[in-house]
Amino acid sequence: MLNVVLVEPEIPQNTGNIARTCACVGARLHLIEPLGFRLTQKNLSRAGCDYWDKVEVVRWPCLDAFLKEHGEDELHLFTGRVEASYADVSYGASAYLVFGRESAGLDEGFMDTYKDRCVRIPMREGLRSLNLSNAVAIGVYEALRQQGFTGLL
(Lines give C-alpha, C1' and ligand atoms only; values in the text may rest on other atoms or scores of the structure.)
Protein backbone atom coordinates (compact mmCIF):
# COMPACT_ATOMS: atom_id res chain seq x y z
CA MET A 1 0.00 0.00 0.00
CA LEU A 2 1.29 3.44 -0.94
CA ASN A 3 1.85 5.78 2.02
CA VAL A 4 1.50 9.56 2.21
CA VAL A 5 3.27 11.22 5.13
CA LEU A 6 2.48 14.76 6.25
CA VAL A 7 5.05 16.17 8.66
CA GLU A 8 3.38 18.73 10.92
CA PRO A 9 0.61 19.83 8.54
CA GLU A 10 -0.84 23.23 9.39
CA ILE A 11 -3.99 23.70 7.31
CA PRO A 12 -6.96 21.37 7.89
CA GLN A 13 -8.40 21.92 4.41
CA ASN A 14 -5.16 20.72 2.80
CA THR A 15 -5.09 17.67 5.04
CA GLY A 16 -8.73 17.00 4.18
CA ASN A 17 -8.03 17.22 0.45
CA ILE A 18 -5.08 14.86 0.89
CA ALA A 19 -7.20 12.43 2.89
CA ARG A 20 -9.70 12.45 0.04
CA THR A 21 -6.93 11.68 -2.47
CA CYS A 22 -5.70 8.85 -0.23
CA ALA A 23 -9.22 7.44 0.07
CA CYS A 24 -9.74 7.54 -3.70
CA VAL A 25 -6.53 5.66 -4.47
CA GLY A 26 -6.26 3.40 -1.41
CA ALA A 27 -3.18 5.05 0.11
CA ARG A 28 -2.50 5.18 3.85
CA LEU A 29 -2.17 8.66 5.39
CA HIS A 30 0.39 9.28 8.14
CA LEU A 31 0.03 12.48 10.18
CA ILE A 32 3.07 13.51 12.19
CA GLU A 33 2.38 15.84 15.10
CA PRO A 34 2.25 18.56 16.09
CA LEU A 35 -0.65 19.38 13.80
CA GLY A 36 -1.59 22.99 13.16
CA PHE A 37 -5.23 22.14 13.89
CA ARG A 38 -7.30 19.81 16.04
CA LEU A 39 -8.68 16.61 14.58
CA THR A 40 -12.23 17.30 15.69
CA GLN A 41 -15.29 15.94 13.89
CA LYS A 42 -16.19 19.50 12.86
CA ASN A 43 -12.76 20.16 11.32
CA LEU A 44 -12.67 16.74 9.67
CA SER A 45 -16.12 17.08 8.17
CA ARG A 46 -15.40 20.52 6.80
CA ALA A 47 -11.96 19.59 5.49
CA GLY A 48 -12.48 16.09 4.12
CA CYS A 49 -16.15 15.88 3.24
CA ASP A 50 -17.34 12.34 3.84
CA TYR A 51 -14.12 10.48 2.97
CA TRP A 52 -12.45 10.22 6.39
CA ASP A 53 -13.97 6.79 7.08
CA LYS A 54 -12.52 5.50 3.79
CA VAL A 55 -8.87 6.25 4.52
CA GLU A 56 -6.52 4.61 7.01
CA VAL A 57 -4.98 7.39 9.10
CA VAL A 58 -1.95 6.72 11.30
CA ARG A 59 -0.95 9.42 13.79
CA TRP A 60 2.59 9.81 15.05
CA PRO A 61 3.57 11.92 18.08
CA CYS A 62 6.70 13.23 16.34
CA LEU A 63 9.00 12.69 13.37
CA ASP A 64 11.47 10.68 15.46
CA ALA A 65 8.77 8.13 16.35
CA PHE A 66 7.85 7.75 12.69
CA LEU A 67 11.51 7.35 11.66
CA LYS A 68 12.16 4.81 14.41
CA GLU A 69 9.51 2.62 12.77
CA HIS A 70 9.96 3.52 9.08
CA GLY A 71 13.38 5.16 8.70
CA GLU A 72 14.74 2.16 6.78
CA ASP A 73 11.71 1.93 4.48
CA GLU A 74 11.46 3.44 1.01
CA LEU A 75 11.14 7.16 1.76
CA HIS A 76 10.80 9.89 -0.87
CA LEU A 77 11.05 13.41 0.55
CA PHE A 78 9.38 16.10 -1.56
CA THR A 79 11.07 19.50 -1.43
CA GLY A 80 11.78 22.45 -3.67
CA ARG A 81 15.41 22.58 -2.50
CA VAL A 82 16.96 19.84 -4.68
CA GLU A 83 17.47 19.21 -8.38
CA ALA A 84 16.27 15.59 -8.69
CA SER A 85 12.83 15.36 -10.28
CA TYR A 86 10.07 13.28 -8.71
CA ALA A 87 9.47 11.77 -12.16
CA ASP A 88 12.99 10.36 -12.41
CA VAL A 89 12.80 7.95 -9.48
CA SER A 90 11.07 4.60 -9.06
CA TYR A 91 8.36 4.17 -6.45
CA GLY A 92 7.66 0.80 -4.90
CA ALA A 93 4.14 -0.31 -4.04
CA SER A 94 4.67 0.48 -0.35
CA ALA A 95 6.72 3.67 -0.77
CA TYR A 96 6.39 6.56 1.68
CA LEU A 97 5.91 9.96 0.03
CA VAL A 98 6.91 12.53 2.64
CA PHE A 99 5.77 16.17 2.60
CA GLY A 100 6.52 19.01 5.01
CA ARG A 101 4.64 21.91 6.57
CA GLU A 102 2.86 24.37 4.32
CA SER A 103 4.85 27.30 5.74
CA ALA A 104 8.35 25.83 5.84
CA GLY A 105 8.53 22.42 4.17
CA LEU A 106 10.76 19.73 5.63
CA ASP A 107 13.54 20.53 8.11
CA GLU A 108 17.07 20.76 6.69
CA GLY A 109 18.50 18.18 9.10
CA PHE A 110 15.87 15.64 8.12
CA MET A 111 16.57 16.22 4.43
CA ASP A 112 20.34 16.01 5.00
CA THR A 113 19.89 12.56 6.54
CA TYR A 114 17.94 11.36 3.49
CA LYS A 115 19.51 13.59 0.82
CA ASP A 116 19.58 10.75 -1.71
CA ARG A 117 15.79 10.39 -1.26
CA CYS A 118 14.86 14.04 -1.87
CA VAL A 119 12.91 14.95 -5.01
CA ARG A 120 11.24 18.05 -6.38
CA ILE A 121 8.26 18.86 -8.56
CA PRO A 122 9.54 21.14 -11.33
CA MET A 123 8.12 24.67 -11.47
CA ARG A 124 9.07 28.09 -12.74
CA GLU A 125 12.07 29.83 -11.24
CA GLY A 126 11.33 32.24 -8.43
CA LEU A 127 8.17 30.50 -7.28
CA ARG A 128 8.34 28.83 -3.89
CA SER A 129 5.94 25.91 -3.98
CA LEU A 130 2.66 24.38 -5.04
CA ASN A 131 -0.26 23.97 -2.69
CA LEU A 132 0.45 20.96 -0.46
CA SER A 133 -2.61 18.98 -1.55
CA ASN A 134 -1.71 19.52 -5.22
CA ALA A 135 1.88 18.42 -4.62
CA VAL A 136 0.69 15.27 -2.86
CA ALA A 137 -1.68 14.45 -5.73
CA ILE A 138 1.13 14.86 -8.28
CA GLY A 139 3.45 12.56 -6.30
CA VAL A 140 0.78 9.96 -5.58
CA TYR A 141 -0.37 9.71 -9.18
CA GLU A 142 3.19 9.39 -10.49
CA ALA A 143 3.83 6.51 -8.07
CA LEU A 144 0.55 4.87 -9.10
CA ARG A 145 1.24 5.44 -12.81
CA GLN A 146 4.53 3.59 -12.42
CA GLN A 147 2.64 0.71 -10.82
CA GLY A 148 0.06 0.57 -13.63
CA PHE A 149 -2.76 2.04 -11.48
CA THR A 150 -3.29 -1.40 -9.96
CA GLY A 151 -6.74 -1.75 -8.41
CA LEU A 152 -8.02 1.55 -9.80
CA LEU A 153 -10.70 1.99 -12.45
# chains A, B, ... in the order shown; residues from 1 in each chain; ligands from 1
>>> closest_atom_pairs(of="range 77-140 of chain A", to="range 3-25 of chain A", cutoff="10 Å", atoms="only C-alpha atoms", output="Markdown table")
| residue | atom | partner | partner_atom | distance |
| --- | --- | --- | --- | --- |
| A:Leu77 | CA | A:Val5 | CA | 9.3 |
| A:Ala93 | CA | A:Asn3 | CA | 8.9 |
| A:Ser94 | CA | A:Asn3 | CA | 6.5 |
| A:Ala95 | CA | A:Asn3 | CA | 6.0 |
| A:Tyr96 | CA | A:Asn3 | CA | 4.6 |
| A:Leu97 | CA | A:Val4 | CA | 4.9 |
| A:Val98 | CA | A:Val5 | CA | 4.6 |
| A:Phe99 | CA | A:Leu6 | CA | 5.1 |
| A:Gly100 | CA | A:Val7 | CA | 4.8 |
| A:Arg101 | CA | A:Pro9 | CA | 4.9 |
| A:Glu102 | CA | A:Glu10 | CA | 6.4 |
| A:Ser103 | CA | A:Glu10 | CA | 7.9 |
| A:Gly105 | CA | A:Val7 | CA | 8.4 |
| A:Leu106 | CA | A:Val7 | CA | 7.4 |
| A:Asp107 | CA | A:Val7 | CA | 9.6 |
| A:Asn131 | CA | A:Asn14 | CA | 8.0 |
| A:Leu132 | CA | A:Asn14 | CA | 6.5 |
| A:Ser133 | CA | A:Asn14 | CA | 5.3 |
| A:Asn134 | CA | A:Ile18 | CA | 8.4 |
| A:Ala135 | CA | A:Ile18 | CA | 9.6 |
| A:Val136 | CA | A:Ile18 | CA | 6.9 |
| A:Ala137 | CA | A:Thr21 | CA | 6.8 |
| A:Gly139 | CA | A:Val4 | CA | 9.2 |
| A:Val140 | CA | A:Val4 | CA | 7.8 |
>>> atom_distance(atom1="CA of Ala27 in chain A", atom2="CA of Asp53 in chain A")
13.0 Å
>>> residues_around(residues="Glu72 in chain A", least_positions_apart="4", cutoff="12 Å", atoms="only C-alpha atoms", output="PyMOL selection string")
chain A and resi 66-68+76+95-96+113-114+117
>>> select_by_dssp(residues="chain A", states="strand (DSSP E)", output="list of chain:residue names")
A:Asn3, A:Val4, A:Val5, A:Leu6, A:Val7, A:Arg28, A:Leu29, A:His30, A:Leu31, A:Ile32, A:Val57, A:Val58, A:Arg59, A:Trp60, A:Leu75, A:His76, A:Leu77, A:Phe78, A:Tyr96, A:Leu97, A:Val98, A:Phe99, A:Cys118, A:Val119
>>> closest_residue(among="A:Phe110, A:Glu74, A:Gly92, A:Lys115", to="Arg145 in chain A", atoms="only C-alpha atoms")
A:Gly92
>>> atom_distance(atom1="CA of His70 in chain A", atom2="CA of Ser90 in chain A")
18.2 Å
>>> atom_distance(atom1="CA of Asp116 in chain A", atom2="CA of Leu75 in chain A")
9.8 Å
>>> closest_residue(among="A:Tyr91, A:Tyr141, A:Phe78, A:Trp52", to="Pro122 in chain A", atoms="only C-alpha atoms")
A:Phe78
>>> closest_residue(among="A:Ile32, A:Leu127, A:Val82, A:Ala87", to="Asp112 in chain A", atoms="only C-alpha atoms")
A:Val82
>>> residues_around(residues="Ala84 in chain A", least_positions_apart="5", cutoff="9 Å", atoms="only C-alpha atoms", output="list in words")
Val89, Cys118, Val119, Arg120 and Ile121 of chain A
>>> residues_around(residues="Pro61 in chain A", least_positions_apart="6", cutoff="9 Å", atoms="only C-alpha atoms", output="list in words")
Leu31, Ile32, Glu33 and Pro34 of chain A
>>> select_by_dssp(residues="chain A", states="helix (DSSP H, G or I)", output="JSON, numbers by chain")
{"A": [12, 13, 14, 15, 16, 17, 18, 19, 20, 21, 22, 23, 24, 25, 41, 42, 43, 44, 45, 46, 47, 48, 52, 53, 54, 63, 64, 65, 66, 67, 68, 69, 70, 86, 87, 88, 108, 109, 110, 111, 112, 113, 115, 116, 117, 132, 133, 134, 135, 136, 137, 138, 139, 140, 141, 142, 143, 144, 145, 146]}
